[in-house]
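Asks: Structure incoming, see below.
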There are 2 protein chains.
Amino acid sequence: MLNFALGPVMSSDLIIEIGAQQTPYFRTPEFSQVTLENERLMKELLGADEKSRVIFLTGSGTAGMEATVMNVFNKDDNVLVVNGGGFGQRFVDLCELHEIPCESLDIQFGHCLTQEMLDEYNNKEFTAFLVNICETSSGVYYDLDMISKFCKENNLLLVVDAVSSFLADPLNMVEQNVDVVITGSQKALACPPGISIITLSEAAIKRVESTKCKSMYFDLNDMLINGIRGQTPYTPAITILLQINARLNQLKDDGGIDTEIKRISDLANDFRAKIKEFPFEIKCPCLSNAVTTVHSNEIIETNLVEVLKNEYDIWVSTARDDLSKSMIFRVGHMGDLTPEDNDKLIDALRDMQKRGLF
Amino acid sequence: MLNFALGPVMSSDLIIEIGAQQTPYFRTPEFSQVTLENERLMKELLGADEKSRVIFLTGSGTAGMEATVMNVFNKDDNVLVVNGGGFGQRFVDLCELHEIPCESLDIQFGHCLTQEMLDEYNNKEFTAFLVNICETSSGVYYDLDMISKFCKENNLLLVVDAVSSFLADPLNMVEQNVDVVITGSQKALACPPGISIITLSEAAIKRVESTKCKSMYFDLNDMLINGIRGQTPYTPAITILLQINARLNQLKDDGGIDTEIKRISDLANDFRAKIKEFPFEIKCPCLSNAVTTVHSNEIIETNLVEVLKNEYDIWVSTARDDLSKSMIFRVGHMGDLTPEDNDKLIDALRDMQKRGLF
């Protein structure tokens, strides 16, 4: 199968080979070294400073989102949450569930965040800003430089869910004043799903340290303390941590984050140029490099996602048709894909068009 | 490395080979079938009835413990918790954190639970009974038949953490009136760590359905609803679920749970017979088949766990010396181990003895 889904994505042979090894026992100095190196390399890739820390939480991206909301915010906060789709709404729901005062900055599904929208929230009594920098349900990328400037002017703690955006779009924690970055193993890190990664600035660490988390498993302070010696309070998804280690070293050896962002961006641009021959539309002018959301103005009776899977051995991600009726599928550009793989998808679509399926 | 640790354990080639495959996209009917089959096979192995349900939670065993406490109990409960070591204490801490009324049935570290101890709690105002049936920190196995009888007489919901005991010691949910069983992927299931498995009886399901869980990620009711179609609310550790599927089918083909329990029990007895030649002691008369806890009455200066790892390529689990000073290590019998592997460990110990290390 050729996998253009938005996670899990195609892994390189290096990662695959580690999956084929026996899982090592982890309460050892050897495994601690792996975890400590993972922390160091993540900080390098994110442009985080010396005092930042990285937590590897066994769980999905949502586990990372919930742990962040529970540990970084408290009842004295007033969090402005960008809400332009399923994942923005999830952050609003999480804040409400954990009784964190918040306001939803509602954006129409598939639309960009503009300076005018932000201006309405200037000089209000907010303490923090929470955003899925790539809203994976629509593919929209929100302008991080613009957000960063707004947060600096308003003295807001900036928490960025970059689950799908990390390694696909530029992000530098120090230069862009980002306090928390959340990502996951199964997106552009191109490892199997199971690990969520939370990177905290010094300011965010102080918040975590002073918050009493009402969850044992999501207690980030406990993880920070154990992490000093390269360990976790509870048994982690060891194999995935080893795969992340290989992948982070591979990214470093290949030229770092800029090289990977350019590779993914080139792949996205290649696909977006090639898809133009079809009667489809890319409506969004602010897509993340990680994903292309494809629309059709005509009603298509055939479930193209199903046909691609069953007859062409190609996975793309389903559209959330509760959110946009015209969206037909989402194509990911993360992981071990090439322009030749794009051609295979285009060839399949050509054949489907010839068959009159759209 | 030869791995006698208490998780992760040695996996069979079948499991290893699945780790070497690309991770498939999971929002498909094909993957739903895998999950549904996992549920069916787990229920068979546990002797659960038709109305029981199984949840596969991406996280460690502690995630499963916390999710259970949060979803199965509520403030109207009064839970009797067997507390004879690190994991019993963890349940007490979890109940206290989530404001579940509970009483700690304290047992001296390494000691068995007796009928006399239980009798003290007869006809008190308890609603539920919570026990790590194998207290992994000491290796102690608590008598499930005795507990089951006590719970039936006192009309208590019986919640069993069988993380280390599942497939090593007998457990039948219907026959022993067990309402919840928690286990994990990395113990006798012999897959990599990352999945916790929670099996619920009809009575437990009713409790989950009527409890408002103050966590999005740990909301078992949401998982039950998604699980009907073989899906999870959030991206699971897909690869591990595929490995669990292969392993469950393998267990079924090999003769089911009794065959595996006998295999592990034989392996434990083999090791316990062979270890007698050394000046060590097995103090506990009620060990789980999953683990042998080895003590020494002499003070041993050498860290035997370190020497076994560094010089003999053998992992055993460290002793928790905050709990028992005389414990020197814990040897696991779960996973892809044989009597010949026991011999290798015995040979290594013989060599260490010859070298005067103990």
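Order determines the names: the first chain of the structure tokens is A, the second B, and so forth; residues in each chain are numbered 1 upward, and ligands are numbered 1 upward as they are shown.
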Mind checking DSSP for region 31-277 of chain A and telling me the alpha helix (DSSP H) residues as a count of residues only?
Replies: 107
Asks: Contacts of region 331-338 of chain B at 8 Å or less, counting only C-alpha atoms, minus same-chain residues fewer than 6 places along, as an MDAnalysis selection string?
Replies: chainID B and resid 4:6 9:12 168 187:190 264 267:268 289:294 316:317
Asks: Would you save the residues of that selection, restricted to N, CA, C and O atoms, as a PDB file, in the first residue's frame?
Replies:
ATOM      1  N   PHE B   4      15.012 -11.539  30.972  1.00  0.00           N
ATOM      2  CA  PHE B   4      14.163 -12.073  32.039  1.00  0.00           C
ATOM      3  C   PHE B   4      13.483 -10.938  32.818  1.00  0.00           C
ATOM      4  O   PHE B   4      13.054 -11.143  33.949  1.00  0.00           O
ATOM      5  N   ALA B   5      13.426  -9.748  32.223  1.00  0.00           N
ATOM      6  CA  ALA B   5      12.789  -8.623  32.910  1.00  0.00           C
ATOM      7  C   ALA B   5      11.281  -8.850  32.972  1.00  0.00           C
ATOM      8  O   ALA B   5      10.741  -9.755  32.335  1.00  0.00           O
ATOM      9  N   LEU B   6      10.605  -7.997  33.721  1.00  0.00           N
ATOM     10  CA  LEU B   6       9.158  -8.162  33.927  1.00  0.00           C
ATOM     11  C   LEU B   6       8.357  -7.305  32.952  1.00  0.00           C
ATOM     12  O   LEU B   6       7.228  -6.907  33.243  1.00  0.00           O
ATOM     13  N   VAL B   9       9.141  -8.101  27.527  1.00  0.00           N
ATOM     14  CA  VAL B   9       9.707  -9.454  27.548  1.00  0.00           C
ATOM     15  C   VAL B   9      10.105  -9.862  26.124  1.00  0.00           C
ATOM     16  O   VAL B   9       9.918  -9.098  25.185  1.00  0.00           O
ATOM     17  N   MET B  10      10.645 -11.081  25.980  1.00  0.00           N
ATOM     18  CA  MET B  10      11.042 -11.568  24.657  1.00  0.00           C
ATOM     19  C   MET B  10       9.790 -11.850  23.815  1.00  0.00           C
ATOM     20  O   MET B  10       8.865 -12.513  24.277  1.00  0.00           O
ATOM     21  N   SER B  11       9.799 -11.362  22.582  1.00  0.00           N
ATOM     22  CA  SER B  11       8.687 -11.619  21.665  1.00  0.00           C
ATOM     23  C   SER B  11       9.056 -12.752  20.711  1.00  0.00           C
ATOM     24  O   SER B  11      10.232 -12.967  20.410  1.00  0.00           O
ATOM     25  N   SER B  12       8.024 -13.443  20.213  1.00  0.00           N
ATOM     26  CA  SER B  12       8.268 -14.491  19.214  1.00  0.00           C
ATOM     27  C   SER B  12       8.559 -13.857  17.860  1.00  0.00           C
ATOM     28  O   SER B  12       8.298 -12.672  17.641  1.00  0.00           O
ATOM     29  N   ALA B 168      -0.359 -15.962  33.008  1.00  0.00           N
ATOM     30  CA  ALA B 168       0.598 -16.661  33.870  1.00  0.00           C
ATOM     31  C   ALA B 168      -0.122 -17.397  35.002  1.00  0.00           C
ATOM     32  O   ALA B 168       0.290 -18.480  35.399  1.00  0.00           O
ATOM     33  N   LYS B 187       3.581  -7.667  28.821  1.00  0.00           N
ATOM     34  CA  LYS B 187       3.814  -8.719  29.816  1.00  0.00           C
ATOM     35  C   LYS B 187       3.691 -10.062  29.101  1.00  0.00           C
ATOM     36  O   LYS B 187       4.326 -10.245  28.076  1.00  0.00           O
ATOM     37  N   ALA B 188       2.852 -10.984  29.575  1.00  0.00           N
ATOM     38  CA  ALA B 188       2.813 -12.307  28.944  1.00  0.00           C
ATOM     39  C   ALA B 188       2.238 -12.262  27.523  1.00  0.00           C
ATOM     40  O   ALA B 188       2.384 -13.218  26.764  1.00  0.00           O
ATOM     41  N   LEU B 189       1.615 -11.151  27.142  1.00  0.00           N
ATOM     42  CA  LEU B 189       1.208 -11.026  25.738  1.00  0.00           C
ATOM     43  C   LEU B 189       2.438 -10.878  24.842  1.00  0.00           C
ATOM     44  O   LEU B 189       2.355 -11.066  23.624  1.00  0.00           O
ATOM     45  N   ALA B 190       3.551 -10.502  25.433  1.00  0.00           N
ATOM     46  CA  ALA B 190       4.861 -10.551  24.774  1.00  0.00           C
ATOM     47  C   ALA B 190       4.928  -9.706  23.504  1.00  0.00           C
ATOM     48  O   ALA B 190       5.538 -10.094  22.508  1.00  0.00           O
ATOM     49  N   ILE B 264       4.180 -21.257  31.263  1.00  0.00           N
ATOM     50  CA  ILE B 264       4.830 -20.265  32.137  1.00  0.00           C
ATOM     51  C   ILE B 264       5.063 -20.856  33.530  1.00  0.00           C
ATOM     52  O   ILE B 264       6.137 -20.674  34.126  1.00  0.00           O
ATOM     53  N   LEU B 267       7.953 -23.194  33.470  1.00  0.00           N
ATOM     54  CA  LEU B 267       9.190 -22.424  33.357  1.00  0.00           C
ATOM     55  C   LEU B 267       9.580 -21.840  34.712  1.00  0.00           C
ATOM     56  O   LEU B 267      10.762 -21.840  35.092  1.00  0.00           O
ATOM     57  N   ALA B 268       8.589 -21.360  35.445  1.00  0.00           N
ATOM     58  CA  ALA B 268       8.838 -20.801  36.780  1.00  0.00           C
ATOM     59  C   ALA B 268       9.333 -21.896  37.721  1.00  0.00           C
ATOM     60  O   ALA B 268      10.322 -21.717  38.442  1.00  0.00           O
ATOM     61  N   ASN B 289       3.117 -17.140  38.976  1.00  0.00           N
ATOM     62  CA  ASN B 289       3.947 -17.869  38.016  1.00  0.00           C
ATOM     63  C   ASN B 289       4.762 -16.925  37.132  1.00  0.00           C
ATOM     64  O   ASN B 289       5.709 -17.336  36.459  1.00  0.00           O
ATOM     65  N   ALA B 290       4.375 -15.651  37.111  1.00  0.00           N
ATOM     66  CA  ALA B 290       5.011 -14.700  36.200  1.00  0.00           C
ATOM     67  C   ALA B 290       6.406 -14.303  36.624  1.00  0.00           C
ATOM     68  O   ALA B 290       7.219 -13.881  35.792  1.00  0.00           O
ATOM     69  N   VAL B 291       6.695 -14.438  37.923  1.00  0.00           N
ATOM     70  CA  VAL B 291       7.938 -13.843  38.426  1.00  0.00           C
ATOM     71  C   VAL B 291       8.462 -14.594  39.646  1.00  0.00           C
ATOM     72  O   VAL B 291       7.690 -15.055  40.489  1.00  0.00           O
ATOM     73  N   THR B 292       9.781 -14.707  39.734  1.00  0.00           N
ATOM     74  CA  THR B 292      10.417 -15.229  40.936  1.00  0.00           C
ATOM     75  C   THR B 292      11.262 -14.124  41.549  1.00  0.00           C
ATOM     76  O   THR B 292      12.143 -13.570  40.890  1.00  0.00           O
ATOM     77  N   THR B 293      10.963 -13.828  42.792  1.00  0.00           N
ATOM     78  CA  THR B 293      11.716 -12.808  43.513  1.00  0.00           C
ATOM     79  C   THR B 293      12.784 -13.511  44.332  1.00  0.00           C
ATOM     80  O   THR B 293      12.470 -14.385  45.126  1.00  0.00           O
ATOM     81  N   VAL B 294      14.029 -13.124  44.105  1.00  0.00           N
ATOM     82  CA  VAL B 294      15.146 -13.827  44.731  1.00  0.00           C
ATOM     83  C   VAL B 294      15.759 -12.947  45.823  1.00  0.00           C
ATOM     84  O   VAL B 294      16.058 -11.772  45.593  1.00  0.00           O
ATOM     85  N   VAL B 316      17.742  -9.031  34.073  1.00  0.00           N
ATOM     86  CA  VAL B 316      16.717  -9.371  35.049  1.00  0.00           C
ATOM     87  C   VAL B 316      16.209  -8.041  35.591  1.00  0.00           C
ATOM     88  O   VAL B 316      16.807  -6.997  35.338  1.00  0.00           O
ATOM     89  N   SER B 317      15.089  -8.056  36.315  1.00  0.00           N
ATOM     90  CA  SER B 317      14.562  -6.799  36.842  1.00  0.00           C
ATOM     91  C   SER B 317      15.201  -6.470  38.175  1.00  0.00           C
ATOM     92  O   SER B 317      15.441  -7.352  38.995  1.00  0.00           O
TER      93      SER B 317
END
Asks: Taking only residues of chain B that have an atom at most 6 Å from an atom of chain A, what is each one's shortest atom pair and its distance in Å to one decimal, using only C-alpha atoms, in chain and number order, as a tab-separated table?
Replies:
residue	atom	partner	partner_atom	distance
B:Ile16	CA	A:Ala20	CA	4.9
B:Glu17	CA	A:Ala20	CA	5.9
B:Gly19	CA	A:Gly19	CA	4.4
B:Ala20	CA	A:Ala20	CA	4.6
B:Thr58	CA	A:Gly59	CA	5.2
B:Gly59	CA	A:Thr58	CA	5.2
B:Ser60	CA	A:Thr235	CA	5.7
B:Ala63	CA	A:Tyr217	CA	5.8
B:Pro193	CA	A:Ala237	CA	5.0
B:Gly194	CA	A:Ala237	CA	4.6
B:Tyr217	CA	A:Ala63	CA	5.8
B:Thr235	CA	A:Ser60	CA	5.7
B:Ala237	CA	A:Gly194	CA	4.6
Asks: Could you write out the selected residues, including C-alpha atoms, as a PDB file, in the first residue's frame?
Replies:
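File written: part_4.pdb
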ATOM      1  CA  ILE B  16       8.883  -9.261  15.560  1.00  0.00           C
ATOM      2  CA  GLU B  17       8.020  -9.616  11.870  1.00  0.00           C
ATOM      3  CA  GLY B  19       7.076  -4.778  13.836  1.00  0.00           C
ATOM      4  CA  ALA B  20       9.005  -4.736  10.583  1.00  0.00           C
ATOM      5  CA  THR B  58      -2.722   3.459  24.139  1.00  0.00           C
ATOM      6  CA  GLY B  59      -0.643   3.990  27.266  1.00  0.00           C
ATOM      7  CA  SER B  60       1.178   2.091  30.003  1.00  0.00           C
ATOM      8  CA  ALA B  63      -2.799   4.541  32.241  1.00  0.00           C
ATOM      9  CA  PRO B 193       4.805  -1.871  25.520  1.00  0.00           C
ATOM     10  CA  GLY B 194       2.273   0.824  24.635  1.00  0.00           C
ATOM     11  CA  TYR B 217      -8.329  10.685  26.721  1.00  0.00           C
ATOM     12  CA  THR B 235      -4.957   7.314  16.888  1.00  0.00           C
ATOM     13  CA  ALA B 237      -0.509   2.380  18.739  1.00  0.00           C
TER      14      ALA B 237
END
Asks: With only C-alpha atoms as the atoms that count, which of A:Glu277, A:Asn78, A:Ile182, A:Ser324 lies nearest to Ser137 (chain A)?
Replies: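 The answer is A:Ser324, which sits nearest to Ser137 (chain A).
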Asks: Would you list the contacts of region 150-163 of chain A as JSON, numbers by chain, taking every protein, DNA or RNA residue within 6 Å and counting only C-alpha atoms, but skipping same-chain residues closer than 3 positions in sequence?
Replies: {"A": [127, 128, 129, 130, 131, 132, 133, 147, 166, 178, 179, 180, 181, 182, 183, 184]}
Asks: State, in Å with one decimal place, the distance from CA of Gly356 (chain A) to CA of Asn297 (chain A).
Replies: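 These two atoms are separated by 16.2 Å.
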Asks: Quick check, in Å to one decimal: how far apart do CA of Lys51 (chain B) and CA of Glu202 (chain B) lie?
Replies: 5.8 Å
Asks: Determine, counting only C-alpha atoms, which protein, DNA and RNA residues have an atom within 7 Å of an atom of region 142-146 of chain B; residues of the same chain fewer than 6 positions away are not included. Present the result as a list in words.
Replies: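 Once the nearby chain positions are removed, what remains is Cys112, Leu113, Ile133, Cys134 and Gln176 of chain B.
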Asks: Would you mind exporting the chosen residues as a short mmCIF file (atom, residue, chain, number, x, y, z; two decimals), in the first residue's frame, restricted to N, CA and C atoms?
Replies:
data_model
loop_
_atom_site.label_atom_id
_atom_site.label_comp_id
_atom_site.auth_asym_id
_atom_site.auth_seq_id
_atom_site.Cartn_x
_atom_site.Cartn_y
_atom_site.Cartn_z
N CYS B 112 1.67 -12.90 51.89
CA CYS B 112 0.44 -13.33 51.22
C CYS B 112 -0.78 -12.67 51.87
N LEU B 113 -1.86 -12.67 51.12
CA LEU B 113 -3.17 -12.26 51.66
C LEU B 113 -3.80 -13.50 52.28
N ILE B 133 -3.56 -8.46 41.32
CA ILE B 133 -3.58 -9.87 41.70
C ILE B 133 -2.16 -10.44 41.77
N CYS B 134 -1.27 -9.93 40.91
CA CYS B 134 0.18 -10.12 41.14
C CYS B 134 0.75 -8.75 41.44
N GLN B 176 -15.10 -16.60 38.29
CA GLN B 176 -14.58 -15.97 39.50
C GLN B 176 -15.22 -14.60 39.77
#
